[in-house]
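Structure data (mmCIF, C-alpha atoms and all ligand atoms) from structure09.cif:
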```cif
data_structure
loop_
_atom_site.label_atom_id
_atom_site.label_comp_id
_atom_site.auth_asym_id
_atom_site.auth_seq_id
_atom_site.Cartn_x
_atom_site.Cartn_y
_atom_site.Cartn_z
CA MET A 11 12.73 3.75 -9.94
CA VAL A 12 12.05 0.81 -7.70
CA GLY A 13 9.21 0.98 -5.24
CA VAL A 14 6.56 -1.10 -3.62
CA PRO A 15 2.83 -0.59 -3.82
CA GLU A 16 1.48 1.78 -1.19
CA LEU A 17 -2.07 2.82 -0.42
CA PRO A 18 -2.73 4.69 -3.69
CA GLU A 19 -1.48 1.82 -5.83
CA VAL A 20 -3.45 -0.75 -3.84
CA GLU A 21 -6.57 1.40 -4.07
CA SER A 22 -6.02 1.57 -7.80
CA VAL A 23 -5.79 -2.20 -8.02
CA ARG A 24 -8.96 -2.52 -5.93
CA ARG A 25 -10.91 -0.24 -8.24
CA GLN A 26 -9.77 -2.20 -11.27
CA LEU A 27 -10.49 -5.63 -9.78
CA LEU A 28 -13.83 -4.86 -8.12
CA PRO A 29 -16.08 -4.79 -11.23
CA ARG A 30 -14.73 -8.13 -12.41
CA LEU A 31 -14.76 -9.86 -9.02
CA ALA A 32 -17.98 -8.70 -7.34
CA GLY A 33 -20.58 -11.48 -7.49
CA ARG A 34 -18.19 -14.03 -8.98
CA ALA A 35 -18.03 -17.57 -7.67
CA ILE A 36 -14.62 -19.08 -6.92
CA ARG A 37 -14.55 -22.62 -8.31
CA ALA A 38 -11.03 -23.55 -7.21
CA VAL A 39 -7.75 -22.14 -5.93
CA ASP A 40 -4.37 -23.44 -7.02
CA ALA A 41 -1.37 -22.15 -5.12
CA VAL A 42 2.26 -23.13 -4.66
CA PRO A 43 3.05 -23.69 -0.97
CA GLN A 44 4.72 -20.67 0.59
CA ALA A 45 4.97 -19.07 4.00
CA ARG A 46 2.66 -16.14 3.38
CA PHE A 47 -0.17 -18.21 1.89
CA SER A 48 -2.69 -19.79 4.25
CA GLY A 49 -6.18 -21.25 4.20
CA LEU A 50 -6.61 -20.75 0.46
CA SER A 51 -8.55 -23.98 -0.08
CA ARG A 52 -11.34 -22.47 2.03
CA ALA A 53 -12.07 -20.00 -0.78
CA ALA A 54 -13.24 -22.72 -3.17
CA GLY A 55 -17.02 -22.78 -3.47
CA THR A 56 -17.49 -19.26 -2.11
CA THR A 57 -18.87 -16.15 -3.78
CA ILE A 58 -17.03 -12.81 -3.73
CA THR A 59 -19.45 -10.18 -2.45
CA ASP A 60 -17.16 -7.17 -2.17
CA LEU A 61 -13.54 -6.07 -2.43
CA ARG A 62 -12.41 -3.58 0.21
CA ARG A 63 -9.06 -2.07 1.21
CA ARG A 64 -7.44 -1.47 4.61
CA GLY A 65 -4.11 0.29 4.37
CA LYS A 66 -2.12 -1.72 1.85
CA TYR A 67 -4.30 -4.83 2.27
CA LEU A 68 -7.02 -5.94 -0.11
CA LEU A 69 -9.93 -7.68 1.63
CA ALA A 70 -12.28 -9.79 -0.49
CA ASP A 71 -15.49 -10.67 1.32
CA LEU A 72 -16.38 -14.30 0.66
CA ASP A 73 -19.81 -15.84 1.22
CA THR A 74 -19.87 -19.60 1.75
CA GLY A 75 -23.66 -19.68 2.05
CA GLN A 76 -23.21 -20.20 5.79
CA ASP A 77 -20.14 -18.34 6.96
CA ALA A 78 -18.45 -15.07 6.13
CA LEU A 79 -14.79 -15.40 5.18
CA GLU A 80 -12.22 -12.92 3.91
CA LEU A 81 -9.47 -13.37 1.41
CA VAL A 82 -6.71 -11.06 2.66
CA ALA A 83 -4.20 -10.05 -0.01
CA HIS A 84 -1.02 -8.01 0.33
CA LEU A 85 1.02 -7.29 -2.78
CA GLY A 86 4.29 -7.20 -0.85
CA MET A 87 7.03 -5.80 -3.07
CA THR A 88 6.18 -7.24 -6.47
CA GLY A 89 2.73 -8.86 -6.29
CA ALA A 90 0.22 -8.21 -9.09
CA PHE A 91 -3.09 -9.69 -10.19
CA ARG A 92 -3.61 -10.50 -13.86
CA PHE A 93 -6.69 -11.88 -15.57
CA ARG A 94 -5.86 -14.76 -17.85
CA ASP A 95 -7.80 -13.20 -20.75
CA GLU A 96 -5.88 -9.92 -20.45
CA GLU A 97 -4.17 -8.89 -23.64
CA GLY A 98 -0.46 -9.59 -23.57
CA TRP A 99 -0.58 -11.67 -20.38
CA GLU A 100 0.89 -15.17 -20.50
CA PRO A 101 1.28 -16.98 -17.16
CA ASP A 102 4.94 -17.48 -16.31
CA ALA A 103 7.06 -19.11 -13.60
CA TYR A 104 6.27 -16.28 -11.18
CA VAL A 105 2.56 -17.09 -10.92
CA ARG A 106 2.21 -18.24 -7.29
CA ALA A 107 -1.56 -18.67 -7.08
CA THR A 108 -4.53 -18.92 -9.43
CA LEU A 109 -8.20 -18.35 -8.68
CA VAL A 110 -10.53 -20.19 -11.04
CA LEU A 111 -13.71 -18.11 -11.22
CA ASP A 112 -17.04 -18.95 -12.81
CA ASP A 113 -16.26 -16.59 -15.68
CA GLY A 114 -12.49 -16.41 -15.86
CA VAL A 115 -9.14 -17.06 -14.25
CA LEU A 116 -7.18 -14.66 -12.03
CA ASP A 117 -3.44 -15.14 -11.56
CA PHE A 118 -1.37 -13.78 -8.67
CA ARG A 119 2.14 -13.12 -9.95
CA ASP A 120 4.87 -12.30 -7.45
CA VAL A 121 8.55 -12.31 -8.38
CA ARG A 122 10.00 -11.60 -4.93
CA ARG A 123 7.41 -13.63 -2.96
CA PHE A 124 6.76 -11.08 -0.21
CA GLY A 125 3.07 -11.03 -1.10
CA ARG A 126 0.42 -12.56 1.14
CA LEU A 127 -2.80 -14.43 0.40
CA SER A 128 -4.76 -15.71 3.40
CA VAL A 129 -8.34 -16.84 3.87
CA VAL A 130 -9.57 -16.06 7.39
CA ASP A 131 -12.87 -15.89 9.23
CA ALA A 132 -14.28 -12.44 8.55
CA GLY A 133 -12.47 -9.89 10.69
CA ASP A 134 -10.17 -12.41 12.38
CA TYR A 135 -6.71 -10.97 11.80
CA ALA A 136 -5.02 -12.70 14.76
CA ASP A 137 -2.43 -14.28 12.44
CA ILE A 138 -1.80 -11.07 10.50
CA ALA A 139 -0.18 -8.81 13.09
CA THR A 140 0.26 -5.69 10.95
CA LEU A 141 -3.36 -5.78 9.81
CA ALA A 142 -4.61 -6.38 13.36
CA ALA A 143 -2.71 -3.32 14.65
CA LEU A 144 -3.40 -1.07 11.66
CA GLY A 145 -4.09 2.61 12.33
CA PRO A 146 -7.03 4.54 10.88
CA GLU A 147 -7.56 4.98 7.15
CA PRO A 148 -5.96 8.32 6.22
CA LEU A 149 -8.88 9.49 4.11
CA SER A 150 -11.57 8.47 6.60
CA PRO A 151 -13.15 10.60 9.36
CA ALA A 152 -11.50 8.26 11.88
CA PHE A 153 -8.14 9.87 11.07
CA THR A 154 -7.92 13.21 12.90
CA PRO A 155 -5.11 15.69 13.73
CA GLU A 156 -5.66 15.03 17.43
CA GLY A 157 -5.55 11.26 16.93
CA LEU A 158 -2.36 11.50 14.90
CA HIS A 159 -0.73 13.67 17.56
CA ALA A 160 -1.69 11.22 20.30
CA ALA A 161 -0.47 8.23 18.28
CA LEU A 162 2.90 9.86 17.56
CA ALA A 163 3.30 10.92 21.20
CA ALA A 164 2.96 7.29 22.30
CA SER A 165 6.41 6.44 20.92
CA ARG A 166 9.85 8.05 20.82
CA GLN A 167 10.75 6.45 17.52
CA PRO A 168 11.59 8.89 14.69
CA VAL A 169 8.41 10.10 13.03
CA LYS A 170 9.32 8.46 9.72
CA ALA A 171 9.71 5.05 11.39
CA GLN A 172 6.40 5.53 13.17
CA LEU A 173 4.61 6.26 9.91
CA LEU A 174 6.10 3.12 8.33
CA SER A 175 4.89 1.03 11.30
CA GLN A 176 1.30 1.56 10.03
CA ARG A 177 0.14 2.23 13.60
CA PRO A 178 -0.50 6.03 13.55
CA VAL A 179 -2.14 5.75 10.12
CA ALA A 180 -2.71 2.94 7.62
CA GLY A 181 -1.13 2.53 4.22
CA VAL A 182 1.84 4.93 4.26
CA GLY A 183 5.10 3.48 2.94
CA ASN A 184 8.49 4.94 2.11
CA ILE A 185 7.39 7.09 -0.79
CA TYR A 186 4.42 8.86 0.72
CA ALA A 187 6.07 9.17 4.14
CA ASP A 188 8.91 11.16 2.53
CA GLU A 189 6.46 13.21 0.47
CA ALA A 190 4.17 14.05 3.40
CA LEU A 191 7.05 14.91 5.76
CA TRP A 192 8.53 17.21 3.11
CA SER A 193 5.17 18.84 2.54
CA ALA A 194 4.65 19.34 6.30
CA ARG A 195 8.25 20.61 6.74
CA ILE A 196 8.97 17.98 9.40
CA ASN A 197 12.38 16.34 9.79
CA PRO A 198 12.00 12.57 9.30
CA ARG A 199 14.19 11.96 12.39
CA SER A 200 12.02 14.08 14.71
CA ARG A 201 11.08 12.20 17.86
CA ARG A 202 8.63 14.77 19.15
CA VAL A 203 5.87 16.08 16.93
CA GLY A 204 3.73 18.64 18.72
CA PRO A 205 0.05 19.35 18.03
CA GLU A 206 0.71 22.04 15.44
CA ARG A 207 3.15 19.94 13.43
CA ALA A 208 0.93 16.88 13.79
CA ALA A 209 -1.92 18.88 12.26
CA ARG A 210 0.32 19.89 9.34
CA LEU A 211 1.39 16.27 8.86
CA TRP A 212 -2.24 15.10 9.01
CA ALA A 213 -3.19 17.53 6.25
CA ALA A 214 -0.10 16.65 4.18
CA LEU A 215 -0.71 12.90 4.40
CA ARG A 216 -4.29 13.30 3.22
CA GLU A 217 -3.32 15.65 0.41
CA VAL A 218 -0.42 13.54 -0.84
CA LEU A 219 -2.38 10.27 -0.75
CA ALA A 220 -5.52 11.72 -2.32
CA ALA A 221 -3.47 13.26 -5.14
CA ALA A 222 -1.68 9.96 -5.74
CA ILE A 223 -4.97 8.04 -5.84
CA ASP A 224 -6.22 10.54 -8.42
CA ARG A 225 -3.14 9.85 -10.50
CA GLU A 226 -3.36 6.06 -10.02
CA GLY A 227 -0.19 5.66 -8.03
CA THR A 228 3.46 6.14 -8.74
CA THR A 229 5.38 4.51 -11.56
CA PHE A 230 7.43 1.48 -10.59
CA ARG A 231 9.81 -0.78 -12.38
CA ASP A 232 8.75 -3.99 -10.68
CA TYR A 233 5.19 -3.06 -10.07
CA GLN A 234 2.20 -3.14 -12.35
CA MET A 235 -1.48 -2.50 -12.03
CA VAL A 236 -3.84 -5.35 -12.67
CA ASN A 237 -3.94 -4.38 -16.34
CA GLY A 238 -0.18 -4.05 -16.66
CA GLN A 239 -0.21 -0.26 -16.82
CA SER A 240 1.90 1.90 -14.57
CA GLY A 241 0.72 4.84 -12.52
CA ARG A 242 1.58 8.40 -13.38
CA TYR A 243 2.54 9.96 -10.05
CA ALA A 244 6.32 9.71 -10.35
CA THR A 245 6.84 13.11 -11.97
CA HIS A 246 5.04 14.73 -9.05
CA LEU A 247 7.42 13.47 -6.37
CA ALA A 248 8.95 16.35 -4.42
CA ALA A 249 11.28 14.39 -2.11
CA TYR A 250 11.29 10.61 -2.59
CA GLY A 251 14.14 9.56 -4.85
CA GLN A 252 15.13 13.20 -5.47
CA ALA A 253 18.37 13.36 -3.43
CA GLY A 254 20.79 15.99 -4.74
CA ARG A 255 18.09 17.88 -6.61
CA PRO A 256 17.07 21.35 -5.42
CA CYS A 257 14.19 21.52 -2.96
CA ARG A 258 11.14 22.85 -4.78
CA ARG A 259 10.38 25.11 -1.84
CA CYS A 260 13.75 26.62 -0.90
CA GLY A 261 16.28 25.46 -3.51
CA ALA A 262 18.64 23.70 -1.07
CA PRO A 263 19.90 20.30 -2.28
CA LEU A 264 17.77 17.42 -0.93
CA ARG A 265 19.72 14.97 1.21
CA ALA A 266 19.54 11.16 1.43
CA ILE A 267 19.81 9.61 4.90
CA THR A 268 18.71 6.39 6.59
CA VAL A 269 15.94 6.39 9.18
CA GLY A 270 14.91 3.16 10.85
CA GLY A 271 16.85 1.25 8.22
CA ARG A 272 15.03 2.84 5.31
CA GLY A 273 16.34 5.22 2.69
CA THR A 274 14.92 8.67 3.30
CA THR A 275 15.15 11.92 1.37
CA TYR A 276 14.47 15.31 2.94
CA CYS A 277 15.40 18.97 2.76
CA PRO A 278 17.98 19.86 5.45
CA ALA A 279 17.07 23.56 5.13
CA CYS A 280 13.29 23.58 5.47
CA GLN A 281 12.73 20.29 7.34
CA ARG A 282 14.66 21.15 10.49
CA GLN A 283 14.42 19.11 13.68
ZN ZN A 301 13.71 23.11 1.30
#
```

Take the structure in this file and express it as structure tokens.
Ligand SMILES: [Zn+2]
Amino acid sequence: MVGVPELPEVESVRRQLLPRLAGRAIRAVDAVPQARFSGLSRAAGTTITDLRRRGKYLLADLDTGQDALELVAHLGMTGAFRFRDEEGWEPDAYVRATLVLDDGVLDFRDVRRFGRLSVVDAGDYADIATLAALGPEPLSPAFTPEGLHAALAASRQPVKAQLLSQRPVAGVGNIYADEALWSARINPRSRRVGPERAARLWAALREVLAAAIDREGTTFRDYQMVNGQSGRYATHLAAYGQAGRPCRRCGAPLRAITVGGRGTTYCPACQRQ
């Protein structure tokens, strides 16, 4: 199965990186020039005070002694962080950036090069449009059934495409959009989601994401946690990647379609328009 890291996987990476990064000084940053890297030299000489997550972004708070900066990281499709002293890890040609810390070295490996690393003034996301327009965190009190209904009503795009836009809610990608829509019995192509269905989708999103975080994300071929392990959520997928298999709820064969240019799997019997 091929997939890209979504909120649960990124949260998993955050939890693994935080104990090793909090309080560490960054001595130097080496990076190959690429479009999605910016401002990285500003990180040298700073101290990492915290590692947070917004949607699928990792945000490292950096203290320069005078100013507050943030290192914004997005894993893209294949990005992964590896500590140089990790067993079995040898830097290869796909290491795009390296952070030299006061007690170790952290590599950013990214085969497909869709990952982002940017150092910005704290909270200044003007150059990172998706982050600037990000919806509420799905597991926070800011995400409500009413808010989700209002956000979905603001557009006539299919509900699946809206979820992938990150605007109604942060961090949902192809996998968990399919899973949540299946769970809420909502057709991915629906352009109108009323209050009752929005409330079902709200609950489904929270349930699906919380369960995936508990299981440390889904298993991916091109994706690894910071320690090289894979998550264990794949066997729990009810819709994503399951086209042709019987729906767990009604037994009808799940169908693969395209919505907003993305592969989508749903149950034509119990996810009616
Ligand atoms: Zn069904």

*asked:* Please list as a ChimeraX atom specification every residue within 7 Å of segment 79-89 of chain A, counting all atoms listed in the file and excluding residues in the same chain fewer than 4 positions away.
replied: /A:14-15,66-73,118-122,124-132,232-233

*For ligand ZN 301 (chain A), collect every residue having any atom at a distance of at most 10 Å from a ligand atom (counting all atoms listed in the file); output as a ChimeraX atom specification.*
/A:192-193,195,249,256-264,276-282

*Using only C-alpha atoms, determine which residues lie at most 12 Å from segment 149-161 of chain A, disregarding the query and same-chain residues fewer than 5 positions distant; provide the list as a ChimeraX atom specification.*
/A:17-18,21,63-65,144,166-167,169,172-173,175-182,201-221,223

*To one decimal in Å, tell me the separation between atom CA of Ile58 of chain A and atom CA of Ala103 of chain A.*
26.8 Å

*State, in Å with one decimal place, the distance from atom CA of Leu109 of chain A to atom CA of Val39 of chain A.*
4.7 Å

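When all atoms listed in the file are used to measure the gap to Leu174 of chain A, the shortest distance among A:Val269, A:Ala253, A:Ala248, A:Ile196 belongs to A:Val269.
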
*Pick out the closest residue to Phe91 of chain A from this set: A:Thr74, A:Thr268, A:Thr108, A:Thr274. Count only C-alpha atoms.*
A:Thr108

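Atom pair atom CA of Glu16 of chain A / atom CA of Glu226 of chain A: separated by 10.9 Å.
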
Taking all atoms of segment 254-270 of chain A that the file lists, what box with edges along x, y and z, padded by 6 Å per side, do you get, with centre and edge lengths in Å to one decimal, as AutoDock Vina command-line options?
```
--center_x 15.6 --center_y 14.9 --center_z 2.1 --size_x 22.4 --size_y 35.5 --size_z 29.5
```

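Minimum atom-to-atom distances from A:Ala222, A:Ile36, A:Val20, A:Ala171 to Gly114 of chain A were compared using all atoms listed in the file, and the lowest value belongs to A:Ile36.
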
*Excluding Arg92 of chain A and residues on its chain fewer than 3 positions from it, collect all residues at most 12 Å away from it, counting all atoms listed in the file, and give them as number ranges by chain.*
A: 23, 26-27, 30, 89, 95-102, 104-109, 114-120, 234-239

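When all atoms listed in the file are used to measure the gap to Gly49 of chain A, the shortest distance among A:Glu19, A:Arg25, A:Ile267, A:Asp137 belongs to A:Asp137.
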
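Minimum atom-to-atom distance to Gly55 of chain A, evaluated using only C-alpha atoms, belongs to A:Leu111 out of A:Leu247, A:Ala139, A:Ala32, A:Leu111.
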
Test item: which residues lie within 8 Å of (-21.9, -14.6, -9.0) counting all atoms listed in the file, as a CSV table (one decimal) with C-alpha atoms, in the frame of the given file:
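As a result, result11.csv now contains:
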```csv
chain,number,residue,atom,x,y,z
A,32,ALA,CA,-18.0,-8.7,-7.3
A,33,GLY,CA,-20.6,-11.5,-7.5
A,34,ARG,CA,-18.2,-14.0,-9.0
A,35,ALA,CA,-18.0,-17.6,-7.7
A,57,THR,CA,-18.9,-16.2,-3.8
A,58,ILE,CA,-17.0,-12.8,-3.7
A,112,ASP,CA,-17.0,-19.0,-12.8
```

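Comparing A:Glu189, A:Ala136, A:Tyr250, A:Pro168 by their smallest distance to Gly271 of chain A, the closest is A:Pro168 (using all atoms listed in the file).
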